[in-house]
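Shown next: entry-v9.cif, containing mmCIF, C-alpha atoms, pLDDT in the B column; chains and numbers go by the auth columns.
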```cif
data_work
#
loop_
_atom_site.group_PDB
_atom_site.id
_atom_site.type_symbol
_atom_site.label_atom_id
_atom_site.label_comp_id
_atom_site.label_asym_id
_atom_site.label_seq_id
_atom_site.Cartn_x
_atom_site.Cartn_y
_atom_site.Cartn_z
_atom_site.B_iso_or_equiv
_atom_site.auth_seq_id
_atom_site.auth_asym_id
ATOM 1 C CA MET A 1 119.131 -130.062 -208.146 94.00 1 A
ATOM 2 C CA ARG A 2 122.266 -127.999 -207.476 96.00 2 A
ATOM 3 C CA GLN A 3 123.521 -126.946 -204.057 96.00 3 A
ATOM 4 C CA GLU A 4 126.594 -124.857 -203.381 97.00 4 A
ATOM 5 C CA TYR A 5 128.494 -124.334 -200.145 97.00 5 A
ATOM 6 C CA LEU A 6 131.335 -121.875 -199.513 97.00 6 A
ATOM 7 C CA VAL A 7 134.421 -123.072 -197.619 97.00 7 A
ATOM 8 C CA PRO A 8 136.739 -120.453 -196.074 95.00 8 A
ATOM 9 C CA ALA A 9 140.519 -120.807 -195.774 95.00 9 A
ATOM 10 C CA GLN A 10 142.168 -121.616 -192.422 92.00 10 A
ATOM 11 C CA ASP A 11 138.991 -121.226 -190.316 92.00 11 A
ATOM 12 C CA PHE A 12 138.654 -124.553 -188.521 91.00 12 A
ATOM 13 C CA SER A 13 135.804 -123.266 -186.357 90.00 13 A
ATOM 14 C CA VAL A 14 133.524 -123.893 -189.339 92.00 14 A
ATOM 15 C CA ALA A 15 135.176 -127.121 -190.513 93.00 15 A
ATOM 16 C CA GLY A 16 132.377 -129.537 -191.281 95.00 16 A
ATOM 17 C CA VAL A 17 129.561 -126.993 -191.446 95.00 17 A
ATOM 18 C CA ALA A 18 129.220 -127.318 -195.233 97.00 18 A
ATOM 19 C CA SER A 19 129.382 -131.129 -195.004 97.00 19 A
ATOM 20 C CA SER A 20 126.850 -131.123 -192.179 96.00 20 A
ATOM 21 C CA ASN A 21 124.401 -129.060 -194.263 96.00 21 A
ATOM 22 C CA LEU A 22 124.839 -131.437 -197.196 97.00 22 A
ATOM 23 C CA LYS A 23 124.283 -134.446 -194.934 96.00 23 A
ATOM 24 C CA ARG A 24 120.996 -132.983 -193.719 95.00 24 A
ATOM 25 C CA LEU A 25 119.887 -132.544 -197.330 96.00 25 A
ATOM 26 C CA LEU A 26 120.867 -136.106 -198.321 96.00 26 A
ATOM 27 C CA LYS A 27 118.914 -137.501 -195.373 95.00 27 A
ATOM 28 C CA GLN A 28 115.853 -135.522 -196.452 95.00 28 A
ATOM 29 C CA LEU A 29 116.185 -137.071 -199.902 94.00 29 A
ATOM 30 C CA ASN A 30 116.029 -140.563 -198.348 92.00 30 A
ATOM 31 C CA ILE A 31 119.322 -141.713 -199.791 94.00 31 A
ATOM 32 C CA ASN A 32 120.634 -145.053 -198.510 93.00 32 A
ATOM 33 C CA PRO A 33 122.457 -144.458 -195.149 94.00 33 A
ATOM 34 C CA PHE A 34 125.633 -146.305 -196.194 94.00 34 A
ATOM 35 C CA THR A 35 125.842 -144.229 -199.379 95.00 35 A
ATOM 36 C CA ILE A 36 125.369 -141.077 -197.287 96.00 36 A
ATOM 37 C CA LYS A 37 128.230 -142.164 -195.024 96.00 37 A
ATOM 38 C CA ARG A 38 130.549 -142.729 -198.009 96.00 38 A
ATOM 39 C CA ILE A 39 129.606 -139.352 -199.489 97.00 39 A
ATOM 40 C CA MET A 40 130.026 -137.527 -196.184 96.00 40 A
ATOM 41 C CA VAL A 41 133.435 -139.012 -195.398 96.00 41 A
ATOM 42 C CA ALA A 42 134.699 -138.034 -198.864 97.00 42 A
ATOM 43 C CA VAL A 43 133.173 -134.537 -198.807 97.00 43 A
ATOM 44 C CA PHE A 44 134.286 -133.842 -195.232 97.00 44 A
ATOM 45 C CA GLU A 45 137.866 -134.896 -196.080 95.00 45 A
ATOM 46 C CA ALA A 46 137.757 -132.560 -199.080 96.00 46 A
ATOM 47 C CA GLU A 47 136.299 -129.720 -196.996 97.00 47 A
ATOM 48 C CA VAL A 48 139.044 -130.102 -194.386 95.00 48 A
ATOM 49 C CA ASN A 49 141.632 -130.098 -197.206 95.00 49 A
ATOM 50 C CA VAL A 50 140.247 -126.816 -198.588 96.00 50 A
ATOM 51 C CA ILE A 51 140.395 -125.198 -195.123 95.00 51 A
ATOM 52 C CA ALA A 52 143.843 -126.600 -194.277 94.00 52 A
ATOM 53 C CA HIS A 53 145.653 -126.222 -197.581 94.00 53 A
ATOM 54 C CA SER A 54 143.941 -123.723 -199.879 95.00 54 A
ATOM 55 C CA TYR A 55 143.008 -120.051 -200.159 96.00 55 A
ATOM 56 C CA GLY A 56 139.345 -121.068 -199.798 96.00 56 A
ATOM 57 C CA GLY A 57 136.850 -122.561 -202.185 97.00 57 A
ATOM 58 C CA ARG A 58 133.419 -124.023 -202.703 98.00 58 A
ATOM 59 C CA ILE A 59 131.596 -127.327 -202.826 98.00 59 A
ATOM 60 C CA VAL A 60 129.151 -127.746 -205.697 98.00 60 A
ATOM 61 C CA CYS A 61 126.710 -130.674 -205.504 98.00 61 A
ATOM 62 C CA ASP A 62 124.605 -131.851 -208.414 98.00 62 A
ATOM 63 C CA LEU A 63 121.961 -134.273 -207.228 96.00 63 A
ATOM 64 C CA GLU A 64 120.297 -136.433 -209.842 95.00 64 A
ATOM 65 C CA GLU A 65 118.117 -139.497 -209.635 92.00 65 A
ATOM 66 C CA GLU A 66 120.844 -142.067 -210.271 95.00 66 A
ATOM 67 C CA GLU A 67 124.004 -140.258 -209.266 96.00 67 A
ATOM 68 C CA ILE A 68 125.450 -137.412 -207.266 97.00 68 A
ATOM 69 C CA THR A 69 128.358 -135.374 -208.568 98.00 69 A
ATOM 70 C CA ILE A 70 130.274 -133.276 -206.081 98.00 70 A
ATOM 71 C CA GLN A 71 132.895 -130.801 -207.182 98.00 71 A
ATOM 72 C CA VAL A 72 135.284 -129.227 -204.721 98.00 72 A
ATOM 73 C CA ILE A 73 136.940 -126.220 -206.306 98.00 73 A
ATOM 74 C CA ASP A 74 139.482 -124.134 -204.449 97.00 74 A
ATOM 75 C CA THR A 75 141.324 -120.959 -205.420 96.00 75 A
ATOM 76 C CA GLY A 76 144.861 -122.301 -205.108 91.00 76 A
ATOM 77 C CA PRO A 77 147.732 -122.806 -204.604 96.00 77 A
ATOM 78 C CA GLY A 78 147.437 -126.254 -206.236 95.00 78 A
ATOM 79 C CA ILE A 79 149.142 -129.559 -205.482 94.00 79 A
ATOM 80 C CA PRO A 80 152.739 -129.744 -206.791 91.00 80 A
ATOM 81 C CA ASN A 81 152.941 -133.552 -206.799 91.00 81 A
ATOM 82 C CA LEU A 82 149.610 -135.337 -207.036 93.00 82 A
ATOM 83 C CA ASP A 83 151.120 -138.839 -206.925 92.00 83 A
ATOM 84 C CA LEU A 84 152.699 -138.060 -203.556 92.00 84 A
ATOM 85 C CA ALA A 85 149.478 -136.470 -202.287 93.00 85 A
ATOM 86 C CA MET A 86 147.599 -139.661 -203.165 93.00 86 A
ATOM 87 C CA THR A 87 150.033 -141.736 -201.091 93.00 87 A
ATOM 88 C CA GLU A 88 148.666 -142.870 -197.713 91.00 88 A
ATOM 89 C CA GLY A 89 150.531 -141.210 -194.876 90.00 89 A
ATOM 90 C CA TRP A 90 152.084 -138.428 -196.939 91.00 90 A
ATOM 91 C CA SER A 91 151.092 -134.997 -195.649 92.00 91 A
ATOM 92 C CA THR A 92 152.114 -131.337 -195.774 90.00 92 A
ATOM 93 C CA ALA A 93 149.707 -130.344 -192.999 91.00 93 A
ATOM 94 C CA SER A 94 150.841 -127.753 -190.451 91.00 94 A
ATOM 95 C CA GLU A 95 151.351 -128.515 -186.771 90.00 95 A
ATOM 96 C CA GLN A 96 148.103 -126.627 -186.027 88.00 96 A
ATOM 97 C CA VAL A 97 146.153 -128.902 -188.389 91.00 97 A
ATOM 98 C CA ARG A 98 147.696 -132.020 -186.800 92.00 98 A
ATOM 99 C CA GLU A 99 146.795 -130.812 -183.312 89.00 99 A
ATOM 100 C CA LEU A 100 143.176 -130.678 -184.461 90.00 100 A
ATOM 101 C CA GLY A 101 143.324 -134.365 -185.325 91.00 101 A
ATOM 102 C CA TYR A 102 143.824 -134.094 -189.086 91.00 102 A
ATOM 103 C CA GLY A 103 146.797 -134.089 -191.413 89.00 103 A
ATOM 104 C CA ALA A 104 147.619 -137.797 -191.224 90.00 104 A
ATOM 105 C CA GLY A 105 147.950 -138.031 -194.984 90.00 105 A
ATOM 106 C CA MET A 106 144.767 -140.049 -195.406 89.00 106 A
ATOM 107 C CA GLY A 107 142.561 -137.387 -196.998 92.00 107 A
ATOM 108 C CA LEU A 108 142.892 -137.919 -200.751 94.00 108 A
ATOM 109 C CA PRO A 109 143.323 -141.731 -200.505 94.00 109 A
ATOM 110 C CA ASN A 110 140.189 -141.861 -198.350 94.00 110 A
ATOM 111 C CA ILE A 111 138.264 -139.708 -200.828 96.00 111 A
ATOM 112 C CA LYS A 112 139.284 -142.076 -203.621 96.00 112 A
ATOM 113 C CA LYS A 113 138.217 -145.103 -201.571 96.00 113 A
ATOM 114 C CA ASN A 114 134.738 -143.749 -200.903 96.00 114 A
ATOM 115 C CA CYS A 115 133.626 -142.440 -204.288 96.00 115 A
ATOM 116 C CA ASP A 116 132.766 -144.384 -207.429 97.00 116 A
ATOM 117 C CA HIS A 117 134.804 -142.147 -209.702 97.00 117 A
ATOM 118 C CA LEU A 118 137.316 -139.436 -208.890 98.00 118 A
ATOM 119 C CA THR A 119 139.121 -136.907 -211.042 97.00 119 A
ATOM 120 C CA ILE A 120 141.574 -134.332 -209.750 97.00 120 A
ATOM 121 C CA GLN A 121 142.772 -131.426 -211.845 97.00 121 A
ATOM 122 C CA THR A 122 145.568 -129.498 -210.207 95.00 122 A
ATOM 123 C CA LYS A 123 148.874 -127.806 -210.867 91.00 123 A
ATOM 124 C CA ALA A 124 151.337 -125.985 -208.616 93.00 124 A
ATOM 125 C CA GLY A 125 150.420 -122.304 -208.532 93.00 125 A
ATOM 126 C CA GLU A 126 146.909 -122.898 -209.817 94.00 126 A
ATOM 127 C CA HIS A 127 143.652 -124.082 -208.289 95.00 127 A
ATOM 128 C CA THR A 128 142.606 -127.647 -207.472 96.00 128 A
ATOM 129 C CA HIS A 129 139.372 -129.034 -208.883 97.00 129 A
ATOM 130 C CA ILE A 130 138.173 -132.358 -207.493 98.00 130 A
ATOM 131 C CA THR A 131 135.177 -134.120 -209.032 98.00 131 A
ATOM 132 C CA MET A 132 133.631 -137.023 -207.129 98.00 132 A
ATOM 133 C CA LEU A 133 130.920 -139.203 -208.556 98.00 133 A
ATOM 134 C CA PHE A 134 128.644 -141.378 -206.418 98.00 134 A
ATOM 135 C CA CYS A 135 126.249 -143.869 -208.006 96.00 135 A
ATOM 136 C CA LEU A 136 122.940 -144.163 -206.181 94.00 136 A
ATOM 137 C CA LYS A 137 121.564 -147.203 -207.986 81.00 137 A
ATOM 138 C CA GLU A 138 123.738 -149.836 -206.305 63.00 138 A
ATOM 139 C CA GLY A 139 122.471 -150.753 -202.855 52.00 139 A
ATOM 140 C CA GLU A 140 119.361 -148.580 -203.083 45.00 140 A
ATOM 141 C CA MET B 1 128.130 -154.101 -174.891 96.00 1 B
ATOM 142 C CA LYS B 2 125.695 -151.440 -173.740 98.00 2 B
ATOM 143 C CA LEU B 3 126.931 -147.872 -173.317 98.00 3 B
ATOM 144 C CA LYS B 4 125.910 -147.923 -169.638 98.00 4 B
ATOM 145 C CA ASP B 5 128.114 -151.015 -169.077 98.00 5 B
ATOM 146 C CA ILE B 6 130.991 -149.366 -170.948 98.00 6 B
ATOM 147 C CA LEU B 7 130.799 -146.339 -168.654 98.00 7 B
ATOM 148 C CA ALA B 8 130.616 -148.539 -165.540 98.00 8 B
ATOM 149 C CA CYS B 9 133.691 -150.456 -166.714 98.00 9 B
ATOM 150 C CA VAL B 10 135.886 -147.345 -167.040 98.00 10 B
ATOM 151 C CA ASP B 11 134.321 -145.166 -164.294 98.00 11 B
ATOM 152 C CA GLY B 12 133.046 -142.939 -167.077 98.00 12 B
ATOM 153 C CA VAL B 13 130.908 -139.850 -166.623 98.00 13 B
ATOM 154 C CA LEU B 14 128.148 -139.218 -169.142 98.00 14 B
ATOM 155 C CA VAL B 15 127.964 -135.542 -170.087 98.00 15 B
ATOM 156 C CA CYS B 16 125.079 -135.702 -172.552 98.00 16 B
ATOM 157 C CA GLY B 17 123.024 -138.247 -174.465 97.00 17 B
ATOM 158 C CA GLU B 18 121.221 -140.154 -171.708 97.00 18 B
ATOM 159 C CA SER B 19 118.944 -141.749 -174.279 97.00 19 B
ATOM 160 C CA HIS B 20 121.977 -143.669 -175.585 97.00 20 B
ATOM 161 C CA LEU B 21 122.713 -145.527 -172.328 98.00 21 B
ATOM 162 C CA GLU B 22 120.925 -148.633 -173.595 97.00 22 B
ATOM 163 C CA ASP B 23 122.629 -148.452 -177.022 95.00 23 B
ATOM 164 C CA GLU B 24 124.290 -151.710 -178.042 96.00 24 B
ATOM 165 C CA VAL B 25 127.846 -150.832 -179.056 97.00 25 B
ATOM 166 C CA LYS B 26 129.419 -153.502 -181.244 95.00 26 B
ATOM 167 C CA ARG B 27 132.996 -152.317 -181.625 97.00 27 B
ATOM 168 C CA GLY B 28 135.451 -149.805 -180.289 98.00 28 B
ATOM 169 C CA PHE B 29 137.956 -147.650 -182.134 98.00 29 B
ATOM 170 C CA ALA B 30 140.624 -145.729 -180.220 98.00 30 B
ATOM 171 C CA SER B 31 142.458 -142.865 -181.906 96.00 31 B
ATOM 172 C CA ASP B 32 143.411 -139.227 -181.462 95.00 32 B
ATOM 173 C CA LEU B 33 143.667 -138.918 -185.244 93.00 33 B
ATOM 174 C CA MET B 34 140.365 -138.007 -186.826 93.00 34 B
ATOM 175 C CA SER B 35 141.832 -138.822 -190.248 90.00 35 B
ATOM 176 C CA ASP B 36 142.013 -142.447 -189.110 92.00 36 B
ATOM 177 C CA VAL B 37 138.497 -142.382 -187.670 95.00 37 B
ATOM 178 C CA LEU B 38 137.215 -141.283 -191.079 94.00 38 B
ATOM 179 C CA THR B 39 138.524 -144.500 -192.630 93.00 39 B
ATOM 180 C CA ILE B 40 136.063 -146.551 -190.533 93.00 40 B
ATOM 181 C CA LEU B 41 132.748 -147.321 -192.205 90.00 41 B
ATOM 182 C CA GLU B 42 131.391 -149.829 -189.653 91.00 42 B
ATOM 183 C CA ASP B 43 128.206 -148.996 -187.743 90.00 43 B
ATOM 184 C CA ASP B 44 127.554 -148.865 -183.987 91.00 44 B
ATOM 185 C CA ILE B 45 131.074 -148.112 -182.861 96.00 45 B
ATOM 186 C CA LEU B 46 132.367 -146.328 -179.783 98.00 46 B
ATOM 187 C CA LEU B 47 134.967 -143.654 -180.501 98.00 47 B
ATOM 188 C CA ILE B 48 137.550 -143.608 -177.712 98.00 48 B
ATOM 189 C CA THR B 49 139.740 -140.520 -178.025 98.00 49 B
ATOM 190 C CA GLY B 50 141.859 -137.998 -176.187 97.00 50 B
ATOM 191 C CA LEU B 51 141.006 -135.344 -178.761 96.00 51 B
ATOM 192 C CA SER B 52 138.619 -133.066 -176.905 96.00 52 B
ATOM 193 C CA ASN B 53 137.593 -130.491 -179.501 95.00 53 B
ATOM 194 C CA ASN B 54 134.792 -129.716 -181.958 94.00 54 B
ATOM 195 C CA GLN B 55 136.518 -131.761 -184.667 95.00 55 B
ATOM 196 C CA ALA B 56 135.931 -134.961 -182.683 96.00 56 B
ATOM 197 C CA ILE B 57 132.180 -134.247 -182.728 97.00 57 B
ATOM 198 C CA ARG B 58 132.169 -133.277 -186.425 96.00 58 B
ATOM 199 C CA THR B 59 134.097 -136.412 -187.350 96.00 59 B
ATOM 200 C CA ALA B 60 131.660 -138.552 -185.378 97.00 60 B
ATOM 201 C CA GLU B 61 128.785 -136.870 -187.190 96.00 61 B
ATOM 202 C CA MET B 62 130.250 -137.657 -190.616 95.00 62 B
ATOM 203 C CA SER B 63 131.042 -141.262 -189.654 94.00 63 B
ATOM 204 C CA ASP B 64 127.617 -141.849 -188.054 95.00 64 B
ATOM 205 C CA ILE B 65 129.221 -142.480 -184.657 97.00 65 B
ATOM 206 C CA SER B 66 126.678 -141.959 -181.858 97.00 66 B
ATOM 207 C CA ASN B 67 128.900 -142.593 -178.839 98.00 67 B
ATOM 208 C CA ILE B 68 132.143 -140.798 -177.892 98.00 68 B
ATOM 209 C CA LEU B 69 134.282 -141.523 -174.838 98.00 69 B
ATOM 210 C CA LEU B 70 136.972 -138.958 -174.018 98.00 70 B
ATOM 211 C CA VAL B 71 139.978 -140.276 -172.107 98.00 71 B
ATOM 212 C CA ARG B 72 142.740 -138.754 -169.927 98.00 72 B
ATOM 213 C CA ASN B 73 140.097 -136.740 -168.051 97.00 73 B
ATOM 214 C CA LYS B 74 139.539 -134.446 -171.043 95.00 74 B
ATOM 215 C CA LYS B 75 136.261 -132.834 -170.155 95.00 75 B
ATOM 216 C CA PRO B 76 134.320 -131.501 -173.155 97.00 76 B
ATOM 217 C CA SER B 77 133.755 -127.775 -173.688 97.00 77 B
ATOM 218 C CA GLN B 78 130.243 -126.305 -173.668 97.00 78 B
ATOM 219 C CA THR B 79 130.455 -125.905 -177.468 96.00 79 B
ATOM 220 C CA MET B 80 131.201 -129.621 -177.816 97.00 80 B
ATOM 221 C CA ILE B 81 128.279 -130.484 -175.540 98.00 81 B
ATOM 222 C CA ASP B 82 125.928 -128.215 -177.518 97.00 82 B
ATOM 223 C CA MET B 83 127.053 -129.793 -180.803 96.00 83 B
ATOM 224 C CA ALA B 84 126.697 -133.319 -179.409 98.00 84 B
ATOM 225 C CA ASN B 85 123.197 -132.549 -178.115 97.00 85 B
ATOM 226 C CA GLU B 86 122.158 -131.089 -181.457 96.00 86 B
ATOM 227 C CA LEU B 87 123.519 -134.101 -183.329 96.00 87 B
ATOM 228 C CA ASN B 88 122.145 -136.643 -180.833 97.00 88 B
ATOM 229 C CA ILE B 89 125.585 -137.959 -179.904 98.00 89 B
ATOM 230 C CA ALA B 90 126.355 -139.341 -176.435 98.00 90 B
ATOM 231 C CA LEU B 91 129.451 -137.730 -174.922 98.00 91 B
ATOM 232 C CA ALA B 92 131.262 -139.141 -171.887 98.00 92 B
ATOM 233 C CA TYR B 93 134.693 -138.909 -170.292 98.00 93 B
ATOM 234 C CA THR B 94 136.931 -141.017 -168.091 98.00 94 B
ATOM 235 C CA SER B 95 140.056 -140.187 -166.119 98.00 95 B
ATOM 236 C CA TYR B 96 141.741 -143.352 -167.453 98.00 96 B
ATOM 237 C CA SER B 97 144.337 -143.300 -170.251 98.00 97 B
ATOM 238 C CA LEU B 98 143.558 -144.361 -173.800 98.00 98 B
ATOM 239 C CA PHE B 99 145.509 -147.586 -173.243 98.00 99 B
ATOM 240 C CA LYS B 100 143.837 -148.494 -169.950 98.00 100 B
ATOM 241 C CA THR B 101 140.366 -147.620 -171.238 98.00 101 B
ATOM 242 C CA SER B 102 140.822 -149.706 -174.395 98.00 102 B
ATOM 243 C CA GLY B 103 142.332 -152.598 -172.452 98.00 103 B
ATOM 244 C CA LEU B 104 139.511 -152.739 -169.913 98.00 104 B
ATOM 245 C CA LEU B 105 136.818 -152.579 -172.593 98.00 105 B
ATOM 246 C CA PHE B 106 138.562 -155.193 -174.747 98.00 106 B
ATOM 247 C CA ALA B 107 138.783 -157.509 -171.722 98.00 107 B
ATOM 248 C CA GLN B 108 135.045 -157.015 -171.169 97.00 108 B
ATOM 249 C CA GLY B 109 134.308 -158.154 -174.708 97.00 109 B
ATOM 250 C CA LEU B 110 134.116 -154.957 -176.748 97.00 110 B
ATOM 251 C CA LYS B 111 135.424 -155.984 -180.163 97.00 111 B
ATOM 252 C CA PRO B 112 137.958 -154.024 -182.207 97.00 112 B
ATOM 253 C CA VAL B 113 137.081 -152.693 -185.681 96.00 113 B
ATOM 254 C CA TYR B 114 140.157 -154.512 -187.005 95.00 114 B
#
```
Please express the file's structure as structure tokens.
Amino acid sequence: MRQEYLVPAQDFSVAGVASSNLKRLLKQLNINPFTIKRIMVAVFEAEVNVIAHSYGGRIVCDLEEEEITIQVIDTGPGIPNLDLAMTEGWSTASEQVRELGYGAGMGLPNIKKNCDHLTIQTKAGEHTHITMLFCLKEGE
Amino acid sequence: MKLKDILACVDGVLVCGESHLEDEVKRGFASDLMSDVLTILEDDILLITGLSNNQAIRTAEMSDISNILLVRNKKPSQTMIDMANELNIALAYTSYSLFKTSGLLFAQGLKPVY
């Protein structure tokens, strides 16, 4: 099953709406609550990143029996230094984003911590494509 | 510690979520940074925060947090209350500071997450 959610740029009034819709779907599918929490934290972090840092994007979820693959694909401008972005506490978030309670530089490290496999394709001036894999077998 | 005892301890006012008053809250986590809240995977925690906006409710939703206590007399907006009601999250506030609130609850036996 494939589900897709659009994420606009800079509009924090809808931050979490896509993640919330996905969470509702995962609950309906009777997925283990701890797995849902891990998925939601990772997807919500990614959604906030798209709103805060990109020109907008989409979340594409492929739900299969034994695993869930979630791709977060934005339209740019890309991450110039991925190693730095993966460092806890390192952030380029604006003052506005920090006032909303985000931008502590925990987003990408927290995504990595919560998924079973993570790949990030990015380049300065191009788009960022994050692929998160969650195994459903363990703990089910 | 039950939510009703937590509110009594800090002179808290419950805004919505009366059905949670008997909830057993195991641990407390105090932060204005939602990025930090998202690193917590423990269950049955009380979020103590001075961040009174929709993002606090959304973050609680994603982290399966059912009880939020706003400090520094930050009363929630109607949008926050509507979201909390829809998501079955108890929302309360106290006039005490984050430090005083956390200190009082810690002294009463509410455990920290770490």
Decode the PyMOL selection byres ((chain B and resi 15-31) around 10) for the given file into explicit residues and return them as a short mmCIF file (atom, residue, chain, number, x, y, z; two decimals) with C-alpha atoms, keeping the file's coordinate frame.
```cif
data_model
loop_
_atom_site.label_atom_id
_atom_site.label_comp_id
_atom_site.auth_asym_id
_atom_site.auth_seq_id
_atom_site.Cartn_x
_atom_site.Cartn_y
_atom_site.Cartn_z
CA GLY A 101 143.32 -134.36 -185.32
CA MET B 1 128.13 -154.10 -174.89
CA LYS B 2 125.70 -151.44 -173.74
CA LEU B 3 126.93 -147.87 -173.32
CA LYS B 4 125.91 -147.92 -169.64
CA ASP B 5 128.11 -151.01 -169.08
CA ILE B 6 130.99 -149.37 -170.95
CA LEU B 7 130.80 -146.34 -168.65
CA GLY B 12 133.05 -142.94 -167.08
CA VAL B 13 130.91 -139.85 -166.62
CA LEU B 14 128.15 -139.22 -169.14
CA ASP B 32 143.41 -139.23 -181.46
CA LEU B 33 143.67 -138.92 -185.24
CA MET B 34 140.36 -138.01 -186.83
CA SER B 35 141.83 -138.82 -190.25
CA ASP B 36 142.01 -142.45 -189.11
CA VAL B 37 138.50 -142.38 -187.67
CA ILE B 40 136.06 -146.55 -190.53
CA GLU B 42 131.39 -149.83 -189.65
CA ASP B 43 128.21 -149.00 -187.74
CA ASP B 44 127.55 -148.86 -183.99
CA ILE B 45 131.07 -148.11 -182.86
CA LEU B 46 132.37 -146.33 -179.78
CA LEU B 47 134.97 -143.65 -180.50
CA ILE B 48 137.55 -143.61 -177.71
CA THR B 49 139.74 -140.52 -178.02
CA GLY B 50 141.86 -138.00 -176.19
CA LEU B 51 141.01 -135.34 -178.76
CA SER B 66 126.68 -141.96 -181.86
CA ASN B 67 128.90 -142.59 -178.84
CA ILE B 68 132.14 -140.80 -177.89
CA LEU B 69 134.28 -141.52 -174.84
CA LEU B 70 136.97 -138.96 -174.02
CA VAL B 71 139.98 -140.28 -172.11
CA LYS B 75 136.26 -132.83 -170.16
CA PRO B 76 134.32 -131.50 -173.16
CA ILE B 81 128.28 -130.48 -175.54
CA ASP B 82 125.93 -128.22 -177.52
CA ALA B 84 126.70 -133.32 -179.41
CA ASN B 85 123.20 -132.55 -178.12
CA LEU B 87 123.52 -134.10 -183.33
CA ASN B 88 122.14 -136.64 -180.83
CA ILE B 89 125.58 -137.96 -179.90
CA ALA B 90 126.36 -139.34 -176.44
CA LEU B 91 129.45 -137.73 -174.92
CA ALA B 92 131.26 -139.14 -171.89
CA TYR B 93 134.69 -138.91 -170.29
CA LEU B 98 143.56 -144.36 -173.80
CA PHE B 99 145.51 -147.59 -173.24
CA THR B 101 140.37 -147.62 -171.24
CA SER B 102 140.82 -149.71 -174.40
CA LEU B 105 136.82 -152.58 -172.59
CA PHE B 106 138.56 -155.19 -174.75
CA GLY B 109 134.31 -158.15 -174.71
CA LEU B 110 134.12 -154.96 -176.75
CA LYS B 111 135.42 -155.98 -180.16
CA PRO B 112 137.96 -154.02 -182.21
CA VAL B 113 137.08 -152.69 -185.68
CA TYR B 114 140.16 -154.51 -187.00
#
```
Per residue of chain A within 7 Å of chain B, note the shortest atom pair and the distance in Å to one decimal, counting only C-alpha atoms, and order the rows by chain and increasing residue number, as a tab-separated table.
```
residue	atom	partner	partner_atom	distance
A:Gly16	CA	B:Arg58	CA	6.1
A:Lys37	CA	B:Ser63	CA	6.1
A:Met40	CA	B:Met62	CA	5.6
A:Val41	CA	B:Met62	CA	5.9
A:Leu100	CA	B:Gln55	CA	6.7
A:Gly101	CA	B:Leu33	CA	4.6
A:Tyr102	CA	B:Ser35	CA	5.3
A:Gly103	CA	B:Ser35	CA	7.0
A:Ala104	CA	B:Ser35	CA	6.0
A:Met106	CA	B:Ser35	CA	6.1
A:Gly107	CA	B:Ser35	CA	6.9
A:Asn110	CA	B:Thr39	CA	6.5
```
So which residues touch range 29-35 of chain A within 12 Å, counting all atoms listed in the file, skipping near sequence neighbours fewer than 3 positions away, as number ranges by chain? A: 1, 22-26, 38-42, 63-68, 114-116, 133-140; B: 40-43, 62-64
Provide the CA of Thr87 in chain A to CA of Leu108 in chain A distance in Å, to one decimal place.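 Result for CA of Thr87 in chain A versus CA of Leu108 in chain A: 8.1 Å, one decimal.
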Choose the residue, out of A:Gln96, A:Asn81, A:Gln71, A:Gln10, that has the smallest atom-to-atom separation from Thr131 in chain A; count only C-alpha atoms. A:Gln71
Just the number, please: distance in Å from CA of Ala85 in chain A to CA of His129 in chain A, one decimal.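 CA of His129 in chain A lies at a distance of 14.2 Å from CA of Ala85 in chain A.
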In Å, how far is it from CA of Arg2 in chain A to CA of Gln121 in chain A?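 Computing it gives 21.2 Å between the two atoms.
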Once you add 3 Å to each side, what are the centre and edge lengths of the axis-aligned box holding all listed atoms of range 104-112 of chain A? One decimal in Å, as JSON, if you can.
```
{"center_x": 143.1, "center_y": -139.7, "center_z": -197.4, "size_x": 15.7, "size_y": 10.7, "size_z": 18.4}
```
Give as a count of residues only the residues that the PyMOL selection byres ((chain A and resi 119) around 7) matches when applied to the coordinates above. 7
Find the spatial neighbours of Pro109 in chain A, counting all atoms listed in the file, within a cut-off of 8 Å - ignore same-chain residues fewer than 4 positions away - and output them as a PDB file with C-alpha atoms, keeping the file's coordinate frame.
```
ATOM      1  CA  MET A  86     147.599-139.661-203.165  1.00 93.00           C
ATOM      2  CA  THR A  87     150.033-141.736-201.091  1.00 93.00           C
ATOM      3  CA  GLU A  88     148.666-142.870-197.713  1.00 91.00           C
ATOM      4  CA  LYS A 113     138.217-145.103-201.571  1.00 96.00           C
TER       5      LYS A 113
END
```
Env of Glu47 in chain A: 8 Å cut, atoms = only C-alpha atoms, seq-sep filter 2 positions within chain, self excluded. Answer as a short mmCIF file (atom, residue, chain, number, x, y, z; two decimals) with C-alpha atoms, in the frame of the given file.
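Printed below is selection_6.cif as written:
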```cif
data_model
loop_
_atom_site.label_atom_id
_atom_site.label_comp_id
_atom_site.auth_asym_id
_atom_site.auth_seq_id
_atom_site.Cartn_x
_atom_site.Cartn_y
_atom_site.Cartn_z
CA VAL A 7 134.42 -123.07 -197.62
CA ALA A 15 135.18 -127.12 -190.51
CA GLY A 16 132.38 -129.54 -191.28
CA ALA A 18 129.22 -127.32 -195.23
CA SER A 19 129.38 -131.13 -195.00
CA VAL A 43 133.17 -134.54 -198.81
CA PHE A 44 134.29 -133.84 -195.23
CA GLU A 45 137.87 -134.90 -196.08
CA ASN A 49 141.63 -130.10 -197.21
CA VAL A 50 140.25 -126.82 -198.59
CA ILE A 51 140.40 -125.20 -195.12
CA ILE A 59 131.60 -127.33 -202.83
CA VAL A 72 135.28 -129.23 -204.72
#
```
